[in-house]
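The structure appears below as structure tokens.
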Amino acid sequence: MELMIAYTREILGGLSTTLSLFLVSLVIGFILAAAMAFIQIRFPGHISKSVWNLMFCIRGVPMLLVLYIIYYGLPLLPIVRETFLWAVFSSPFWCTIICLAIVEMAFTSEIMRGAYFQTPKEQIEAARSLGLNGFQTFRAAIFPAMIRNGFAAYTTEVILLCKSTALAFTVTVMDVMGFANEIRSRTLDIYEPLLIAGFIYLCITITTRLALSWIFSLISVAGSARAEAL
Amino acid sequence: MLNYLEQGWGHQFVKAFGMSFSIAIISFVLSIIIGIGATLLASSRIRFAAAIVKFYTYLFRSLPGILLLLLIFYTADSLIQSLVKFLTGTSDASVSPVVPAVLSTSIVLGAYATELFKAGWADISAGQHEAGRALGFTRFQSLALIILPQIYRKVLPHLGSLWLISMKETALLSIIGIPDIVRIASLGARSTGAPFTFYGIAIAIFIAFAFASSRVFSYLEGRSRRSMGAI
Amino acid sequence: MPDSPVARSVEIEKMSKWFGDFQVLSDIDLSVKQGERIVVCGPSGSGKSTMIRCINGLEAFQNGKITVNGVELAQKSRVLEAVRKNVGMVFQQFNLFPHLTVLQNCTLALTWVHKTPRAEAERIARRYLEKVRIPEQAGKYPGQLSGGQQQRVAIARSLCLRPSVMLFDEPTSSLDPEMVKEVLDTMADLAQDGMTIICVTHEMGFARRIADRVIFMDQGRIIEEAPPSIFFENPREARTRRFLEQVLH
Ligand SMILES: Nc1ncnc2c1ncn2[C@@H]1O[C@H](COP(=O)(O)OP(=O)(O)OP(=O)(O)O)[C@@H](O)[C@H]1O
Ligand SMILES: [Mg+2]
């Protein structure tokens with residue numbers, strides 16, 4: 001018991017790192033995803049197709065490889081090593097953030113794109129026939145429909161991102177998993193550190209789910225009655 | 001790049017691809033079996049079965065894959081070792097770590113598969129079960145002839161992504177030391193000092209594989225749509 | 001010329017439209033005076049929806065010309081937005097915004113497009129909700145209303161912009177029978193007030209009651225065009241007669 005408390009205390013030392021990995025890459029990933037989805041929607045044809053293919057490729061590659069090539073590969077480039085970029089790419093923490101954000105971008109942009117094209121044509125026509133212009137139509141009809149269609153998938157994606165932060169320890173970041181792993185190799189206790197870390201991750205993901213469903217209820221009032229109507 | 005391939009890395013990569021691919025395929029199949037089993041269990045009349053299945057999927061959806069893999073891998077490994085010891089009576093019998101590795105990926109992927117099949121199951125209306133019953137099928141016949149084919153069609157697109165996840169999940173096994181593509185790429189990168197080449201090759205393999213898989217699955221989807229007609 | 005162009009609300013001249021190789025509309029000529037009530041009917045797929053959707057630019061057409069209140073339609077957003085300020089449209093599926101309350105649905109375009117101050121917009125919206133006889137539902141969401149109520153909100157939403165023409169595309173077709181009457185009554189009220197109405201419907205009783213002219217379309221053409229008394233009692237074309245036999249019995 002004493003030991004468990006000591007381990008827990010040690011592992012909790014990585015909590016703030018795990019949370020910052022998660023939240024920072026979530027925000028950056030969302031912005032990048034919105035940009036990529038926008039490009040794909042706004043410029044149909046070759047541009048859209050090539051961006052889609054790029055996103056597809058990223059989605060097909062294990063995150064571990066993306067992380068390795070950023071962390072081990074990029075510092076070999078003179079342009080990285082000899083410019084301000086070095087400040088970013090010499091830090092395993094920021095390498096992990098970049099990796100997480102890129103992967104998040106690839107998955108979330110597809111969710112956004114899918115949600116955009118699922119918007120019922122009738123909703124757009126209703127907005128248009130009221131005289132709303134392009135941007136107003138987006139705000140009144142398309143964006144709410146995107147949230148209705150995409151929010152569940154986005155929640156899943158956010159949870160996946162949160163879980164993916166655990167790979168950071170492979171490039172020496174000391175997050176929750178990093179400390180658990182450190183204890184594991186130091187003491188040869190396998191189960192205690194992993195179970196403690198697991199419990200911490202469980203708390204984070206449950207909180208995340210609650211937070212997201214709260215946000216969803218905020219931006220889409222009268223949820224159930226409305227959802228049934230559709 | 002060519003001289004790396006000549007130094008034997010090409011051969012290494014081919015072997016590693018074989019390793020990743022076979023682990024992925026076995027885990028994929030096992031996870032589907034787990035998924036179907038858990039779905040049937042959840043809809044059975046066994047007490048707490050539904051709650052247990054729900055707990056399994058919820059827990060596995062909420063925990064990092066690498067953490068689960070490590071936990072299951074070490075548990076399975078020590079169980080298997082002691083089982084082998086018990087059966088053969090020798091203490092130095094060793095089982096390849098690939099076996100617990102495959103088990104662990106299967107159980108992790110099984111949680112995804114269970115979600116898929118449960119969703120598919122919920123979509124097939126109670127009417128279909130009753131129709132089967134009314135036609136005089138036994139429970140098993142109506143399952144095999146009526147329900148599962150419909151679920152297959154429903155979940156096929158999702159099985160495509162489960163398959164891609166399976167392949168990607170094998171990458172985590174490199175952390176345990178299984179000689180898969182990522183592991184070989186890391187070894188090569190470290191020993192030759194050319195990480196771009198080696199990780200690049202690994203990434204290219206995965207991308208090519210993803211494109212090939214999506215072709216196969218869209219072919220299968222097209223076929224199942226044609227054979228079943230549009231609903 | 002018998003009328004000045006302004007007295008003409010909608011003027012369609014030799015309008016044709018294709019979907020790819022398929023010609024949906026051929027040489028449509030239709031002239032609607034201000035305050036006139038037109039009912040359009042015809043078999044499924046005859047192009048009724050397509051025609052009225054052309055009038056507010058939801059569909060582009062290839063040949064001919066449409067003029068709405070003296071403005072010639074063109075697929076330019078400035079022209080379209082100007083025309084749509086004058087043309088209200090009510091759809092078969094209501095198409096209310098599900099995330100907005102009834103009141104917000106009505107005030108949305110007033111505040112965004114017409115830049116009406118919020119209080120004024122709400123006053124207008126409440127007035128028209130009263131007119132369609134559901135003022136008490138203002139705070140609800142569309143999902144909480146019956147089909148008939150939703151359709152009346154959709155009508156109020158269009159009326160708030162004080163359009164000079166109202167287009168209806170089978171407004172009662174997706175309603176349960178007991179709700180059809182409340183919507184038709186609302187539309188009859190509008191007709192009474194002198195609104196220019198172009199309505200696609202198969203409700204022949206309604207057509208007889210309020211229409212100044214009934215238009216029969218088949219295969220993308222206007223086949224017959226007559227006041228209801230003549231149209232129903234003594235149609236000129238055999239195709240019209242066959243159609244009427246089917247819908248009246
Ligand atoms: N977007 C489209 N692309 C191709 N063809 C279309 C499209 N929309 C309609 N059509 C075709 O145009 C024809 C006319 O359609 P329209 O919807 O105007 O008929 P309608 O008279 O309103 O029929 P209904 O009574 O069923 O509503 C139909 O044959 C339809 O299949
Ligand atoms: Mg129609």
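Numbering starts fresh at 1 for the residues of each chain in the structure tokens, the chains themselves are lettered A, B, ... in the order given, and ligands are numbered from 1 as they appear.
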
Fill in: Contacts with ligand 1 at most 9 Å, only C-alpha atoms and all ligand atoms counted, listed as a ChimeraX atom specification
/C:18-20,22-25,41-53,59,169-170,200-202,217-220

How about saving the chosen residues, N, CA and C atoms kept, as a short mmCIF file (atom, residue, chain, number, x, y, z; two decimals), in the first residue's frame?
data_model
loop_
_atom_site.label_atom_id
_atom_site.label_comp_id
_atom_site.auth_asym_id
_atom_site.auth_seq_id
_atom_site.Cartn_x
_atom_site.Cartn_y
_atom_site.Cartn_z
N TRP C 18 -32.12 22.10 -68.64
CA TRP C 18 -31.66 20.71 -68.80
C TRP C 18 -30.93 20.25 -67.54
N PHE C 19 -31.14 19.00 -67.17
CA PHE C 19 -30.24 18.35 -66.22
C PHE C 19 -29.36 17.44 -67.07
N GLY C 20 -28.14 17.87 -67.37
CA GLY C 20 -27.30 17.08 -68.27
C GLY C 20 -27.95 17.05 -69.64
N PHE C 22 -30.88 15.68 -70.14
CA PHE C 22 -32.32 15.52 -69.96
C PHE C 22 -32.99 16.88 -69.85
N GLN C 23 -33.92 17.14 -70.76
CA GLN C 23 -34.60 18.43 -70.72
C GLN C 23 -35.77 18.36 -69.75
N VAL C 24 -35.66 19.11 -68.65
CA VAL C 24 -36.72 19.09 -67.64
C VAL C 24 -37.81 20.09 -67.98
N LEU C 25 -37.42 21.25 -68.49
CA LEU C 25 -38.39 22.28 -68.79
C LEU C 25 -38.19 22.75 -70.22
N CYS C 41 -50.27 22.29 -61.17
CA CYS C 41 -50.41 20.87 -60.88
C CYS C 41 -49.89 20.07 -62.07
N GLY C 42 -49.84 18.76 -61.89
CA GLY C 42 -49.30 17.91 -62.96
C GLY C 42 -48.72 16.66 -62.36
N PRO C 43 -48.49 15.65 -63.21
CA PRO C 43 -47.99 14.38 -62.69
C PRO C 43 -46.59 14.51 -62.11
N SER C 44 -46.21 13.51 -61.34
CA SER C 44 -44.90 13.51 -60.71
C SER C 44 -43.80 13.52 -61.77
N GLY C 45 -42.79 14.34 -61.57
CA GLY C 45 -41.68 14.40 -62.51
C GLY C 45 -41.94 15.32 -63.68
N SER C 46 -43.04 16.07 -63.64
CA SER C 46 -43.34 16.92 -64.79
C SER C 46 -42.57 18.23 -64.76
N GLY C 47 -41.86 18.51 -63.66
CA GLY C 47 -41.03 19.70 -63.62
C GLY C 47 -41.61 20.85 -62.84
N LYS C 48 -42.65 20.60 -62.05
CA LYS C 48 -43.29 21.67 -61.28
C LYS C 48 -42.31 22.28 -60.28
N SER C 49 -41.67 21.39 -59.49
CA SER C 49 -40.74 21.89 -58.48
C SER C 49 -39.62 22.66 -59.17
N THR C 50 -39.09 22.07 -60.22
CA THR C 50 -37.97 22.69 -60.90
C THR C 50 -38.36 24.09 -61.38
N MET C 51 -39.57 24.22 -61.90
CA MET C 51 -39.97 25.53 -62.42
C MET C 51 -40.02 26.56 -61.29
N ILE C 52 -40.68 26.22 -60.17
CA ILE C 52 -40.78 27.29 -59.18
C ILE C 52 -39.45 27.52 -58.47
N ARG C 53 -38.59 26.50 -58.46
CA ARG C 53 -37.27 26.72 -57.87
C ARG C 53 -36.41 27.63 -58.76
N GLU C 59 -32.50 26.93 -58.72
CA GLU C 59 -31.99 26.19 -59.87
C GLU C 59 -31.61 27.20 -60.94
N ASP C 169 -44.07 24.86 -52.58
CA ASP C 169 -43.86 23.60 -53.31
C ASP C 169 -44.49 22.46 -52.52
N GLU C 170 -45.66 22.05 -52.91
CA GLU C 170 -46.41 21.00 -52.23
C GLU C 170 -46.34 21.14 -50.71
N VAL C 200 -47.51 24.98 -55.95
CA VAL C 200 -47.63 23.64 -56.51
C VAL C 200 -48.41 22.83 -55.51
N THR C 201 -49.52 22.25 -55.92
CA THR C 201 -50.28 21.42 -54.97
C THR C 201 -51.19 20.47 -55.73
N HIS C 202 -51.56 19.41 -55.06
CA HIS C 202 -52.55 18.51 -55.62
C HIS C 202 -53.88 18.63 -54.89
N MET C 217 -49.02 21.07 -65.90
CA MET C 217 -47.74 20.78 -66.56
C MET C 217 -47.60 19.29 -66.80
N ASP C 218 -46.95 18.94 -67.91
CA ASP C 218 -46.60 17.55 -68.16
C ASP C 218 -45.33 17.52 -68.99
N GLN C 219 -44.43 16.67 -68.62
CA GLN C 219 -43.17 16.49 -69.34
C GLN C 219 -42.46 17.81 -69.64
N GLY C 220 -42.43 18.65 -68.63
CA GLY C 220 -41.64 19.87 -68.74
C GLY C 220 -42.29 20.98 -69.55
#

Discussion item. With only C-alpha atoms as the counted atoms, please give the residues lying no more than 7 Å from segment 163-168 of chain A, apart from itself and same-chain residues fewer than 6 positions off, as a ChimeraX atom specification.
Written reply: /A:18,21-22,96,177 /B:63-64

Practice prompt. Using only C-alpha atoms, determine which residues lie at most 10 Å from Phe97 of chain C, disregarding the query and same-chain residues fewer than 2 positions distant; provide the list as a ChimeraX atom specification.
Written response: /A:123-124,126-127,140-141,144-145,226 /C:94-95,99-102,104-106,108,141-143,154

Same residues, N, CA and C atoms, output as a short mmCIF file (atom, residue, chain, number, x, y, z; two decimals), in the first residue's frame:
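Once everything was written out, this is result-v9.cif:
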data_model
loop_
_atom_site.label_atom_id
_atom_site.label_comp_id
_atom_site.auth_asym_id
_atom_site.auth_seq_id
_atom_site.Cartn_x
_atom_site.Cartn_y
_atom_site.Cartn_z
N GLN A 123 -31.60 22.24 -46.03
CA GLN A 123 -31.27 23.28 -45.05
C GLN A 123 -30.57 24.45 -45.74
N ILE A 124 -29.67 24.11 -46.66
CA ILE A 124 -28.94 25.16 -47.37
C ILE A 124 -29.91 25.96 -48.24
N ALA A 126 -33.11 26.37 -47.78
CA ALA A 126 -33.97 27.21 -46.95
C ALA A 126 -33.26 28.50 -46.61
N ALA A 127 -31.98 28.39 -46.23
CA ALA A 127 -31.23 29.58 -45.88
C ALA A 127 -31.09 30.50 -47.09
N ALA A 140 -25.83 29.73 -40.37
CA ALA A 140 -27.18 29.38 -39.94
C ALA A 140 -27.51 27.91 -40.22
N ALA A 141 -27.03 27.38 -41.34
CA ALA A 141 -27.48 26.05 -41.74
C ALA A 141 -26.37 25.01 -41.70
N PRO A 144 -24.25 24.40 -37.90
CA PRO A 144 -25.00 23.59 -36.92
C PRO A 144 -25.18 22.15 -37.37
N ALA A 145 -25.42 21.95 -38.68
CA ALA A 145 -25.59 20.58 -39.17
C ALA A 145 -24.28 19.81 -39.04
N ARG A 226 -34.75 18.18 -30.44
CA ARG A 226 -34.33 18.65 -31.73
C ARG A 226 -33.77 17.52 -32.57
N PHE C 94 -40.72 21.56 -44.87
CA PHE C 94 -40.64 22.68 -43.90
C PHE C 94 -39.26 23.33 -43.88
N ASN C 95 -38.21 22.50 -43.69
CA ASN C 95 -36.84 23.01 -43.67
C ASN C 95 -36.62 24.14 -42.69
N HIS C 99 -31.93 23.93 -34.79
CA HIS C 99 -31.23 24.37 -33.60
C HIS C 99 -31.71 25.75 -33.13
N LEU C 100 -32.64 26.32 -33.86
CA LEU C 100 -33.14 27.64 -33.47
C LEU C 100 -34.60 27.53 -33.04
N THR C 101 -35.01 28.40 -32.10
CA THR C 101 -36.41 28.39 -31.70
C THR C 101 -37.26 28.92 -32.85
N VAL C 102 -38.56 28.74 -32.69
CA VAL C 102 -39.49 29.25 -33.68
C VAL C 102 -39.26 30.75 -33.91
N GLN C 104 -36.55 32.52 -33.26
CA GLN C 104 -35.24 32.78 -33.89
C GLN C 104 -35.26 32.42 -35.37
N ASN C 105 -35.99 31.36 -35.73
CA ASN C 105 -36.14 31.02 -37.13
C ASN C 105 -36.72 32.19 -37.90
N CYS C 106 -37.70 32.85 -37.27
CA CYS C 106 -38.38 33.95 -37.96
C CYS C 106 -37.53 35.22 -38.01
N LEU C 108 -34.19 35.43 -37.90
CA LEU C 108 -32.84 35.26 -38.44
C LEU C 108 -32.55 36.14 -39.65
N TYR C 141 -38.74 24.68 -29.97
CA TYR C 141 -37.90 24.28 -31.10
C TYR C 141 -38.75 23.52 -32.12
N PRO C 142 -38.37 23.59 -33.40
CA PRO C 142 -39.17 22.94 -34.44
C PRO C 142 -39.47 21.47 -34.12
N GLY C 143 -38.48 20.77 -33.54
CA GLY C 143 -38.69 19.36 -33.23
C GLY C 143 -39.82 19.11 -32.25
N ALA C 154 -42.90 27.87 -40.97
CA ALA C 154 -42.14 28.13 -42.20
C ALA C 154 -42.79 29.24 -43.01
#

Worksheet item: Among chain A, which residues carry a DSSP assignment of alpha helix (DSSP H), reported as a VMD selection string?
Response: chain A and resid 2 to 12 15 to 42 46 to 60 63 to 68 78 to 81 85 to 89 92 to 118 121 to 129 134 to 137 143 to 164 176 to 187 191 to 219 223 to 229

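Within the 12 Å cut-off around Ala210 of chain B, using only C-alpha atoms and omitting residues fewer than 3 positions from it on the same chain, the listed residues are Asn53, Met55, Phe56, Cys57, Ile58, Arg59, Gly60, Val61 and Pro62 of chain A; Gly160, Ser161, Leu162, Trp163, Leu164, Ile165, Ser166, Met167, Lys168, Ile203, Ala204, Ile205, Phe206, Ile207, Ser213, Ser214, Arg215, Val216 and Phe217 of chain B.
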
Store the residues of this selection in a file with N, CA and C atoms, as a CSV table (one decimal), in the first residue's frame.
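In the end it all went to part38.csv:
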chain,number,residue,atom,x,y,z
A,53,ASN,N,-5.6,13.0,-50.4
A,53,ASN,CA,-4.7,11.9,-50.4
A,53,ASN,C,-3.6,12.0,-49.3
A,55,MET,N,-3.9,13.5,-46.5
A,55,MET,CA,-4.5,13.1,-45.2
A,55,MET,C,-4.7,11.6,-45.1
A,56,PHE,N,-5.1,11.0,-46.2
A,56,PHE,CA,-5.3,9.6,-46.2
A,56,PHE,C,-4.0,8.9,-45.8
A,57,CYS,N,-2.9,9.3,-46.4
A,57,CYS,CA,-1.6,8.7,-46.1
A,57,CYS,C,-1.2,8.9,-44.7
A,58,ILE,N,-1.4,10.1,-44.1
A,58,ILE,CA,-1.1,10.2,-42.7
A,58,ILE,C,-1.9,9.3,-41.8
A,59,ARG,N,-3.2,9.2,-42.2
A,59,ARG,CA,-4.0,8.3,-41.4
A,59,ARG,C,-3.6,6.8,-41.5
A,60,GLY,N,-2.9,6.5,-42.6
A,60,GLY,CA,-2.5,5.1,-42.7
A,60,GLY,C,-1.2,4.7,-42.1
A,61,VAL,N,-0.5,5.7,-41.5
A,61,VAL,CA,0.8,5.5,-41.0
A,61,VAL,C,0.7,5.4,-39.4
A,62,PRO,N,1.4,4.4,-38.8
A,62,PRO,CA,1.3,4.4,-37.4
A,62,PRO,C,1.9,5.6,-36.8
B,160,GLY,N,-13.1,-2.3,-42.7
B,160,GLY,CA,-12.0,-1.8,-43.5
B,160,GLY,C,-11.1,-0.9,-42.5
B,161,SER,N,-11.8,-0.1,-41.7
B,161,SER,CA,-10.9,0.7,-40.9
B,161,SER,C,-10.4,-0.1,-39.7
B,162,LEU,N,-11.1,-1.1,-39.3
B,162,LEU,CA,-10.6,-2.0,-38.2
B,162,LEU,C,-9.3,-2.6,-38.7
B,163,TRP,N,-9.3,-3.0,-40.0
B,163,TRP,CA,-8.2,-3.7,-40.6
B,163,TRP,C,-7.0,-2.8,-40.6
B,164,LEU,N,-7.2,-1.5,-41.0
B,164,LEU,CA,-6.1,-0.6,-41.0
B,164,LEU,C,-5.6,-0.3,-39.6
B,165,ILE,N,-6.5,-0.3,-38.7
B,165,ILE,CA,-6.1,-0.1,-37.3
B,165,ILE,C,-5.2,-1.3,-36.8
B,166,SER,N,-5.6,-2.5,-37.2
B,166,SER,CA,-4.9,-3.7,-36.9
B,166,SER,C,-3.4,-3.6,-37.3
B,167,MET,N,-3.3,-3.2,-38.6
B,167,MET,CA,-2.0,-3.1,-39.2
B,167,MET,C,-1.2,-2.0,-38.4
B,168,LYS,N,-1.8,-0.9,-38.1
B,168,LYS,CA,-1.1,0.2,-37.4
B,168,LYS,C,-0.7,-0.2,-36.0
B,203,ILE,N,7.4,4.1,-43.6
B,203,ILE,CA,6.2,4.9,-43.9
B,203,ILE,C,5.6,4.5,-45.3
B,204,ALA,N,6.5,4.4,-46.3
B,204,ALA,CA,6.1,4.1,-47.6
B,204,ALA,C,5.4,2.7,-47.6
B,205,ILE,N,5.9,1.8,-46.9
B,205,ILE,CA,5.3,0.5,-46.8
B,205,ILE,C,3.8,0.6,-46.3
B,206,PHE,N,3.7,1.4,-45.2
B,206,PHE,CA,2.4,1.5,-44.6
B,206,PHE,C,1.4,2.2,-45.5
B,207,ILE,N,1.9,3.3,-46.2
B,207,ILE,CA,1.0,4.0,-47.1
B,207,ILE,C,0.6,3.1,-48.3
B,213,SER,N,-5.2,-1.8,-49.2
B,213,SER,CA,-6.4,-2.3,-48.4
B,213,SER,C,-7.6,-1.5,-48.7
B,214,SER,N,-7.5,-0.2,-49.0
B,214,SER,CA,-8.8,0.5,-49.3
B,214,SER,C,-9.4,0.0,-50.6
B,215,ARG,N,-8.5,-0.3,-51.5
B,215,ARG,CA,-8.9,-0.9,-52.8
B,215,ARG,C,-9.7,-2.2,-52.5
B,216,VAL,N,-9.1,-3.1,-51.8
B,216,VAL,CA,-9.7,-4.4,-51.5
B,216,VAL,C,-11.1,-4.2,-50.9
B,217,PHE,N,-11.1,-3.3,-49.9
B,217,PHE,CA,-12.4,-3.1,-49.2
B,217,PHE,C,-13.4,-2.4,-50.0

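Atom CA of Ile151 of chain B is positioned 15.7 Å from atom CA of Ala131 of chain B.
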
Worksheet item: Hey, what's within 8 Å of Ile210 of chain C if we count only C-alpha atoms and toss same-chain stuff fewer than 4 positions away? As a count of residues only, please?
Response: 4
